[in-house]
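What's in model31.cif: mmCIF, C-alpha atoms
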```cif
data_work
#
loop_
_atom_site.label_atom_id
_atom_site.label_comp_id
_atom_site.auth_asym_id
_atom_site.auth_seq_id
_atom_site.Cartn_x
_atom_site.Cartn_y
_atom_site.Cartn_z
CA MET A 1 87.57 83.18 89.90
CA ILE A 2 87.59 86.36 87.83
CA GLU A 3 87.97 89.55 89.86
CA ILE A 4 87.24 92.92 88.28
CA ARG A 5 88.09 96.06 90.22
CA ASP A 6 87.20 99.65 89.23
CA LEU A 7 87.53 98.88 85.52
CA ARG A 8 87.50 101.91 83.23
CA LYS A 9 87.90 102.23 79.47
CA THR A 10 87.53 105.16 77.07
CA PHE A 11 87.82 105.40 73.30
CA ASP A 12 88.56 108.34 71.03
CA SER A 13 85.31 109.25 69.29
CA GLY A 14 87.21 110.61 66.28
CA ASP A 15 85.26 113.88 66.30
CA LYS A 16 84.98 117.09 68.33
CA ASN A 17 83.19 115.26 71.14
CA GLY A 18 86.49 113.77 72.30
CA ALA A 19 86.68 110.58 74.37
CA VAL A 20 83.76 108.19 74.81
CA ASN A 21 83.46 106.50 78.19
CA ALA A 22 82.74 102.83 77.49
CA LEU A 23 83.13 101.56 81.07
CA ASN A 24 82.89 103.69 84.19
CA GLY A 25 84.33 101.89 87.22
CA ILE A 26 83.07 98.31 86.87
CA THR A 27 83.57 96.14 89.96
CA LEU A 28 82.30 92.55 90.19
CA ASN A 29 83.35 88.93 90.66
CA ILE A 30 82.63 85.96 88.39
CA ALA A 31 82.67 82.66 90.25
CA GLU A 32 83.83 79.37 88.75
CA SER A 33 81.66 76.57 87.35
CA GLN A 34 78.57 78.69 86.83
CA VAL A 35 77.02 80.46 83.85
CA PHE A 36 77.42 84.22 84.16
CA GLY A 37 75.08 86.25 81.97
CA LEU A 38 76.01 89.83 81.09
CA ILE A 39 72.90 91.73 80.01
CA GLY A 40 72.65 95.19 78.48
CA THR A 41 71.46 97.26 75.57
CA ASN A 42 73.58 97.71 72.46
CA GLY A 43 76.21 100.27 73.44
CA ALA A 44 76.05 99.46 77.17
CA GLY A 45 79.68 98.29 77.13
CA LYS A 46 79.21 94.50 77.06
CA SER A 47 81.57 93.78 74.16
CA THR A 48 84.20 96.17 75.50
CA MET A 49 84.04 94.47 78.88
CA MET A 50 84.33 91.01 77.33
CA ARG A 51 87.43 92.05 75.37
CA LEU A 52 88.98 93.55 78.48
CA ILE A 53 88.39 90.40 80.55
CA ALA A 54 89.76 88.26 77.70
CA GLY A 55 92.92 90.38 77.66
CA ILE A 56 92.39 91.82 74.18
CA TYR A 57 92.05 95.45 75.36
CA ARG A 58 94.24 97.13 77.97
CA PRO A 59 92.26 98.83 80.77
CA ASP A 60 92.74 102.57 81.22
CA GLU A 61 92.26 102.10 84.95
CA GLY A 62 91.48 99.24 87.32
CA GLU A 63 92.54 95.62 87.18
CA ILE A 64 91.33 92.20 86.03
CA ILE A 65 92.60 89.15 87.89
CA VAL A 66 91.93 85.66 86.51
CA ASP A 67 92.82 82.86 88.93
CA GLY A 68 95.28 85.12 90.68
CA MET A 69 96.95 86.40 87.48
CA LYS A 70 96.60 89.72 85.67
CA ILE A 71 95.20 88.99 82.24
CA TYR A 72 96.53 91.67 79.87
CA ASP A 73 99.72 90.71 78.02
CA ASN A 74 99.93 87.47 79.99
CA PRO A 75 100.00 84.33 77.78
CA GLU A 76 99.92 82.03 80.81
CA ALA A 77 96.59 83.47 82.00
CA LYS A 78 95.15 83.49 78.47
CA LYS A 79 95.67 79.72 78.16
CA ASN A 80 92.53 79.36 80.26
CA ILE A 81 90.37 81.64 78.07
CA PHE A 82 88.58 81.26 74.74
CA PHE A 83 86.81 84.33 73.36
CA ALA A 84 84.11 84.13 70.69
CA ALA A 85 83.13 87.56 69.38
CA ASP A 86 79.69 88.65 68.23
CA ASP A 87 81.03 88.55 64.67
CA PRO A 88 83.35 85.51 64.83
CA TYR A 89 86.69 85.96 63.08
CA PHE A 90 88.02 83.22 60.82
CA PHE A 91 90.99 83.31 58.48
CA GLN A 92 90.20 84.22 54.89
CA ASN A 93 89.18 81.16 52.86
CA ALA A 94 89.67 78.92 55.91
CA THR A 95 87.69 75.74 56.53
CA PRO A 96 86.57 74.44 59.95
CA ASN A 97 89.31 71.81 59.83
CA GLU A 98 91.94 74.48 59.20
CA MET A 99 90.68 76.59 62.10
CA ALA A 100 90.78 73.51 64.33
CA ARG A 101 94.43 72.93 63.38
CA TYR A 102 95.18 76.56 64.21
CA TYR A 103 93.52 76.45 67.63
CA SER A 104 95.09 73.10 68.46
CA GLY A 105 98.45 74.85 68.15
CA ILE A 106 97.36 77.44 70.73
CA TYR A 107 95.42 75.30 73.21
CA GLU A 108 97.24 72.17 74.34
CA ALA A 109 94.00 70.50 75.46
CA PHE A 110 92.19 71.02 72.13
CA ASP A 111 90.15 67.86 71.45
CA LYS A 112 90.32 67.09 67.71
CA VAL A 113 88.33 63.87 67.99
CA ARG A 114 85.48 65.64 69.75
CA PHE A 115 85.66 68.52 67.29
CA ASN A 116 85.11 66.16 64.34
CA LYS A 117 82.25 64.46 66.17
CA LEU A 118 80.54 67.76 66.93
CA LEU A 119 80.91 68.94 63.32
CA GLU A 120 79.07 65.79 62.30
CA ASN A 121 76.38 66.26 64.97
CA PHE A 122 75.77 69.86 63.89
CA ASN A 123 75.84 68.94 60.18
CA LEU A 124 78.79 71.23 59.43
CA ASP A 125 81.19 70.31 56.64
CA GLY A 126 84.77 70.46 57.91
CA LYS A 127 86.14 70.95 54.38
CA ARG A 128 83.78 73.71 53.30
CA LYS A 129 84.97 77.33 53.29
CA ILE A 130 83.59 79.16 56.32
CA SER A 131 82.95 82.25 54.19
CA THR A 132 80.04 80.32 52.61
CA PHE A 133 78.46 79.57 56.02
CA SER A 134 75.38 81.39 57.25
CA LYS A 135 75.56 83.58 60.37
CA GLY A 136 74.04 80.81 62.46
CA MET A 137 76.50 78.21 61.14
CA LYS A 138 79.43 80.50 61.99
CA LYS A 139 78.05 80.90 65.51
CA GLN A 140 77.76 77.12 65.87
CA LEU A 141 81.32 76.62 64.66
CA SER A 142 82.63 79.26 67.04
CA CYS A 143 80.94 77.53 69.99
CA ILE A 144 82.27 74.12 68.94
CA LEU A 145 85.82 75.48 68.67
CA GLY A 146 85.36 77.05 72.09
CA VAL A 147 84.24 73.94 73.96
CA CYS A 148 86.84 71.78 72.20
CA SER A 149 89.66 74.15 73.19
CA GLY A 150 89.50 72.74 76.72
CA THR A 151 89.78 76.14 78.39
CA LYS A 152 88.39 76.84 81.83
CA TYR A 153 86.64 80.07 80.77
CA LEU A 154 84.56 80.56 77.64
CA PHE A 155 83.64 84.16 76.72
CA LEU A 156 80.72 84.38 74.30
CA ASP A 157 79.40 87.65 72.88
CA GLU A 158 75.77 87.41 71.64
CA THR A 159 76.13 83.64 71.35
CA PHE A 160 72.55 82.82 70.47
CA ASP A 161 71.99 85.62 67.97
CA GLY A 162 71.28 83.95 64.62
CA LEU A 163 70.57 80.50 66.07
CA ASP A 164 67.17 78.87 65.74
CA PRO A 165 65.54 77.43 68.92
CA VAL A 166 66.76 73.88 68.25
CA MET A 167 70.36 75.01 67.78
CA ARG A 168 70.16 77.21 70.87
CA GLN A 169 69.23 74.21 72.98
CA ALA A 170 71.98 72.13 71.37
CA VAL A 171 74.61 74.77 72.20
CA LYS A 172 73.29 75.12 75.76
CA SER A 173 73.56 71.35 76.15
CA LEU A 174 77.22 71.56 75.11
CA PHE A 175 77.89 74.08 77.84
CA ALA A 176 76.01 72.05 80.45
CA ASN A 177 77.99 68.92 79.55
CA ASP A 178 81.37 70.65 79.89
CA MET A 179 80.34 72.32 83.14
CA ALA A 180 79.52 68.94 84.61
CA GLU A 181 82.51 67.10 83.11
CA ARG A 182 85.37 69.59 83.59
CA GLY A 183 84.10 72.67 85.42
CA LEU A 184 83.71 74.99 82.42
CA THR A 185 82.69 78.57 83.25
CA PRO A 186 80.78 80.23 80.38
CA ILE A 187 80.40 84.03 80.44
CA ILE A 188 77.69 85.03 77.99
CA ALA A 189 76.89 88.59 76.89
CA SER A 190 73.47 89.32 75.39
CA HIS A 191 71.00 92.14 74.89
CA ASN A 192 68.13 89.68 75.32
CA LEU A 193 67.28 88.66 78.88
CA ARG A 194 64.86 85.95 77.75
CA GLU A 195 67.60 84.06 75.91
CA LEU A 196 69.56 83.53 79.13
CA GLU A 197 66.76 82.67 81.56
CA ASP A 198 67.09 78.88 81.41
CA ILE A 199 70.89 78.71 81.47
CA CYS A 200 72.37 81.41 83.74
CA ASP A 201 73.20 81.03 87.42
CA HIS A 202 74.19 84.65 87.92
CA VAL A 203 73.24 87.72 85.90
CA GLY A 204 74.78 91.18 85.75
CA LEU A 205 72.96 94.13 84.19
CA LEU A 206 75.23 96.63 82.45
CA HIS A 207 73.85 100.09 81.70
CA GLN A 208 75.68 103.17 80.42
CA GLY A 209 79.07 101.68 81.25
CA GLY A 210 78.26 100.66 84.82
CA VAL A 211 76.89 97.60 86.62
CA LEU A 212 73.31 98.36 87.57
CA LEU A 213 72.68 95.00 89.19
CA SER A 214 74.65 91.77 89.77
CA GLU A 215 72.78 88.97 91.52
CA ASP A 216 72.53 85.21 91.88
CA ILE A 217 69.31 84.21 90.11
CA GLU A 218 68.08 81.67 92.68
CA GLU A 219 68.70 84.07 95.55
CA MET A 220 66.81 86.78 93.71
CA LYS A 221 63.86 84.48 93.12
CA LEU A 222 63.81 83.24 96.72
CA GLY A 223 63.56 86.80 98.00
CA ILE A 224 60.63 87.85 95.80
CA GLN A 225 57.21 86.20 95.44
CA LYS A 226 54.36 86.67 92.99
CA VAL A 227 50.87 86.18 94.38
CA GLN A 228 47.55 86.13 92.56
CA CYS A 229 44.53 86.61 94.78
CA VAL A 230 41.01 87.96 95.13
CA PHE A 231 40.28 89.61 98.49
CA LYS A 232 36.88 89.25 100.15
CA ASN A 233 36.82 92.94 101.02
CA ASP A 234 38.94 96.10 101.10
CA GLU A 235 39.49 95.82 104.86
CA ASP A 236 41.19 92.41 104.55
CA GLU A 237 43.34 93.70 101.69
CA LYS A 238 44.54 96.60 103.80
CA LYS A 239 45.36 94.37 106.82
CA ILE A 240 47.19 91.73 104.77
CA LEU A 241 49.37 94.19 102.89
CA GLU A 242 50.01 96.56 105.79
CA GLY A 243 53.76 96.88 106.30
CA ALA A 244 54.53 94.57 103.36
CA ASP A 245 57.23 95.47 100.83
CA VAL A 246 54.94 95.48 97.80
CA MET A 247 56.96 96.01 94.64
CA MET A 248 54.09 95.80 92.19
CA ASP A 249 50.28 95.39 92.42
CA GLU A 250 48.50 94.93 89.10
CA ARG A 251 44.71 94.68 89.10
CA ARG A 252 42.33 93.26 86.56
CA GLY A 253 38.87 93.66 88.00
CA LYS A 254 39.04 92.00 91.43
CA LEU A 255 42.10 89.88 90.60
CA HIS A 256 45.35 91.17 92.10
CA THR A 257 48.77 90.10 90.83
CA ILE A 258 51.14 91.22 93.57
CA THR A 259 54.94 91.11 93.45
CA ILE A 260 56.13 91.27 97.03
CA ARG A 261 59.55 91.05 98.67
CA GLY A 262 60.09 88.22 101.17
CA ASN A 263 60.49 84.43 101.30
CA ARG A 264 57.59 82.16 100.44
CA GLU A 265 56.87 81.10 104.03
CA GLU A 266 56.74 84.70 105.20
CA ILE A 267 54.41 85.78 102.41
CA GLU A 268 52.05 82.82 102.79
CA GLY A 269 51.93 83.59 106.52
CA ARG A 270 50.57 87.06 105.75
CA PHE A 271 47.57 85.57 103.97
CA ASN A 272 46.88 82.75 106.43
CA GLY A 273 43.83 83.27 108.64
CA TYR A 274 42.01 85.37 106.07
CA GLU A 275 39.18 84.13 103.89
CA LEU A 276 40.15 84.72 100.28
CA THR A 277 38.06 84.10 97.20
CA PHE A 278 41.23 82.98 95.41
CA PHE A 279 44.91 82.66 96.39
CA GLU A 280 47.95 81.24 94.56
CA VAL A 281 51.72 81.73 94.66
CA LEU A 282 53.14 81.75 91.11
CA PRO A 283 56.70 81.14 89.85
CA LEU A 284 58.61 84.25 88.85
CA THR A 285 60.36 84.63 85.52
CA LEU A 286 63.82 86.16 85.38
CA GLU A 287 62.32 89.07 83.48
CA GLU A 288 59.85 89.77 86.29
CA VAL A 289 62.61 89.61 88.91
CA PHE A 290 64.74 92.10 86.98
CA ILE A 291 61.79 94.43 86.39
CA SER A 292 61.12 94.46 90.13
CA GLU A 293 64.75 94.89 91.18
CA THR A 294 65.62 97.63 88.69
CA GLU A 295 62.50 99.64 89.51
CA VAL A 296 63.66 99.72 93.13
CA VAL A 297 66.88 101.49 92.06
CA GLY A 298 65.05 103.89 89.78
CA TYR A 299 65.20 102.18 86.38
CA ASP A 300 62.64 100.41 84.23
CA ILE A 301 64.30 97.43 82.55
CA ARG A 302 61.43 97.26 80.06
CA LYS A 303 62.71 100.50 78.55
CA LEU A 304 66.31 99.30 78.64
CA ILE A 305 66.42 95.81 77.10
CA LEU A 306 62.97 94.31 76.62
CA ASN A 307 61.73 96.35 73.68
#
```
Let me see the structure of the file written as structure tokens.
Amino acid sequence: MIEIRDLRKTFDSGDKNGAVNALNGITLNIAESQVFGLIGTNGAGKSTMMRLIAGIYRPDEGEIIVDGMKIYDNPEAKKNIFFAADDPYFFQNATPNEMARYYSGIYEAFDKVRFNKLLENFNLDGKRKISTFSKGMKKQLSCILGVCSGTKYLFLDETFDGLDPVMRQAVKSLFANDMAERGLTPIIASHNLRELEDICDHVGLLHQGGVLLSEDIEEMKLGIQKVQCVFKNDEDEKKILEGADVMMDERRGKLHTITIRGNREEIEGRFNGYELTFFEVLPLTLEEVFISETEVVGYDIRKLILN
């Protein structure tokens, strides 16, 4: 379990504007053995937060507790963490094999046999200089080093940026395998909500240095339904929707697409007993759930991270 309490961090802007507030009182928990997705625009504070949780930066205020231990300047706590930055760092002129030797000296559980096997599976040359790799190849190598380190927590900043769809699925499969086999907990930061939809169990939305929303995805989806229907008349429409928590009602001609808060049984019960020209309950995408939830608290996620 990772516990974050009232986390604050500022940086000197280097000009007359003074300090820049990167994080403004972040409080949240990250449970074990699930994929936590951290979503936010560029500049929202995602990378700063990842570096703080990984123990690279010192918080100005607040605390970060990883499995009961404070993380900053604590080698024992950091044994359980591997951090892969948006722009992965490798030693100058190093090869994948040399980086593997380095990390095996830091992480006792580093699996060299698996590392060599994964290099082969991903068609990466262990003897080739990493400086000649493409951005996507560097991302792949960083993920391979991470899963082979054997750590409990894997922090990944913009993991899928630069990967083609096939490689994205391959990397996601790696995470899924380690979650099942040894309880890995990946924490993935991204500015693209769509990239995380099929992998995350819990998603937090970071905006202007604060947590706008932090929810379990399945619970969010269970509490919101999307209905497409055509009412017989205006009177039936009024009766069915009276008192309902309608979050969105889009109309194309007579066809309504209604996003409504409540469980499926409750919502279907509202429509039972009425003669409808057409009625169907549709699955919600993560994007639709976030649009609905953020509009409730006064934000439009489409303006924040979907453009």
Exercise for review: Choose the residue, out of A:Val66, A:Cys148, A:Leu205, A:Ala244, that has the smallest atom-to-atom separation from Tyr107 in chain A; count all atoms listed in the file.
Suggested key: A:Cys148
Check your understanding: Leaving out Met220 in chain A and any residue of its chain fewer than 4 positions from it, which residues lie within 10 Å of it when counting only C-alpha atoms, given as a list of chain:residue names?
Key -> A:His202, A:Glu215, A:Asp216, A:Ile224, A:Gln225, A:Arg261, A:Leu284, A:Leu286, A:Val289, A:Phe290, A:Glu293
Point to revise | Residues matched by the PyMOL selection byres ((chain A and resi 55) around 12) as an MDAnalysis selection string | key: chainID A and resid 48:54 56:59 63:66 69:83 155
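Taking CA of Arg128 in chain A and CA of Ala94 in chain A as the two end points, the separation is 8.3 Å.
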Exercise for review: Would you kindly return, as a ChimeraX atom specification, each protein, DNA or RNA residue with an atom no farther than 8 Å from any atom of Gly204 in chain A, considering only C-alpha atoms and excluding same-chain residues fewer than 6 positions away?
Suggested key: /A:36-39,211-215
For C-alpha atoms, I'd like the residues from the last selection saved as a PDB file, keeping the file's coordinate frame.
```
ATOM      1  CA  PHE A  36      77.420  84.220  84.160  1.00  0.00           C
ATOM      2  CA  GLY A  37      75.080  86.250  81.970  1.00  0.00           C
ATOM      3  CA  LEU A  38      76.010  89.830  81.090  1.00  0.00           C
ATOM      4  CA  ILE A  39      72.900  91.730  80.010  1.00  0.00           C
ATOM      5  CA  VAL A 211      76.890  97.600  86.620  1.00  0.00           C
ATOM      6  CA  LEU A 212      73.310  98.360  87.570  1.00  0.00           C
ATOM      7  CA  LEU A 213      72.680  95.000  89.190  1.00  0.00           C
ATOM      8  CA  SER A 214      74.650  91.770  89.770  1.00  0.00           C
ATOM      9  CA  GLU A 215      72.780  88.970  91.520  1.00  0.00           C
TER      10      GLU A 215
END
```
Practice item. Please write as a list in words the full residue list that the PyMOL selection byres ((chain A and resi 267-281) around 9) yields on this file. Key: Gln225, Lys226, Val227, Gln228, Cys229, Val230, Phe231, Lys232, Asn233, Asp236, Ile240, Leu241, Ala244, Leu255, Ile260, Arg261, Gly262, Asn263, Arg264, Glu265, Glu266, Leu282 and Pro283 of chain A
Check your understanding: Which residues come within 7 Å of Thr27 in chain A, counting only C-alpha atoms, excluding same-chain residues fewer than 2 positions away, as a PyMOL selection string?
Key -> chain A and resi 4-7+25
Take the selection from the previous step and output its residues with C-alpha atoms, as a short mmCIF file (atom, residue, chain, number, x, y, z; two decimals), keeping the file's coordinate frame.
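The file below, part_31.cif, is the result:
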```
data_model
loop_
_atom_site.label_atom_id
_atom_site.label_comp_id
_atom_site.auth_asym_id
_atom_site.auth_seq_id
_atom_site.Cartn_x
_atom_site.Cartn_y
_atom_site.Cartn_z
CA ILE A 4 87.24 92.92 88.28
CA ARG A 5 88.09 96.06 90.22
CA ASP A 6 87.20 99.65 89.23
CA LEU A 7 87.53 98.88 85.52
CA GLY A 25 84.33 101.89 87.22
#
```
Would you pick out the contacts of Tyr89 in chain A at 12 Å or less, using all atoms listed in the file, so that residues sharing its chain but fewer than 6 positions from it are not included, and give the list as a PDB file with C-alpha atoms, in the coordinates of the input?
```pdb
ATOM      1  CA  PHE A  83      86.810  84.330  73.360  1.00  0.00           C
ATOM      2  CA  PRO A  96      86.570  74.440  59.950  1.00  0.00           C
ATOM      3  CA  MET A  99      90.680  76.590  62.100  1.00  0.00           C
ATOM      4  CA  ILE A 130      83.590  79.160  56.320  1.00  0.00           C
ATOM      5  CA  SER A 131      82.950  82.250  54.190  1.00  0.00           C
ATOM      6  CA  LYS A 135      75.560  83.580  60.370  1.00  0.00           C
ATOM      7  CA  LYS A 138      79.430  80.500  61.990  1.00  0.00           C
ATOM      8  CA  LYS A 139      78.050  80.900  65.510  1.00  0.00           C
ATOM      9  CA  LEU A 141      81.320  76.620  64.660  1.00  0.00           C
ATOM     10  CA  SER A 142      82.630  79.260  67.040  1.00  0.00           C
ATOM     11  CA  LEU A 145      85.820  75.480  68.670  1.00  0.00           C
TER      12      LEU A 145
END
```
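Distance annotation: of A:Ala31, A:Met137, A:Cys200, A:Ile26, the residue with the minimal separation from Gly162 in chain A is A:Met137; atom set is only C-alpha atoms.
Straight-line separation from CA of Phe160 in chain A to CA of Tyr103 in chain A: 22.1 Å.
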Practice item. List the residues selected by the PyMOL selection byres ((chain A and resi 29) around 6) in the file shown, writing them as number ranges by chain. Key: A: 2-3, 28, 30
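When CA of Gly209 in chain A is paired with CA of Glu61 in chain A, their separation reads 13.7 Å.
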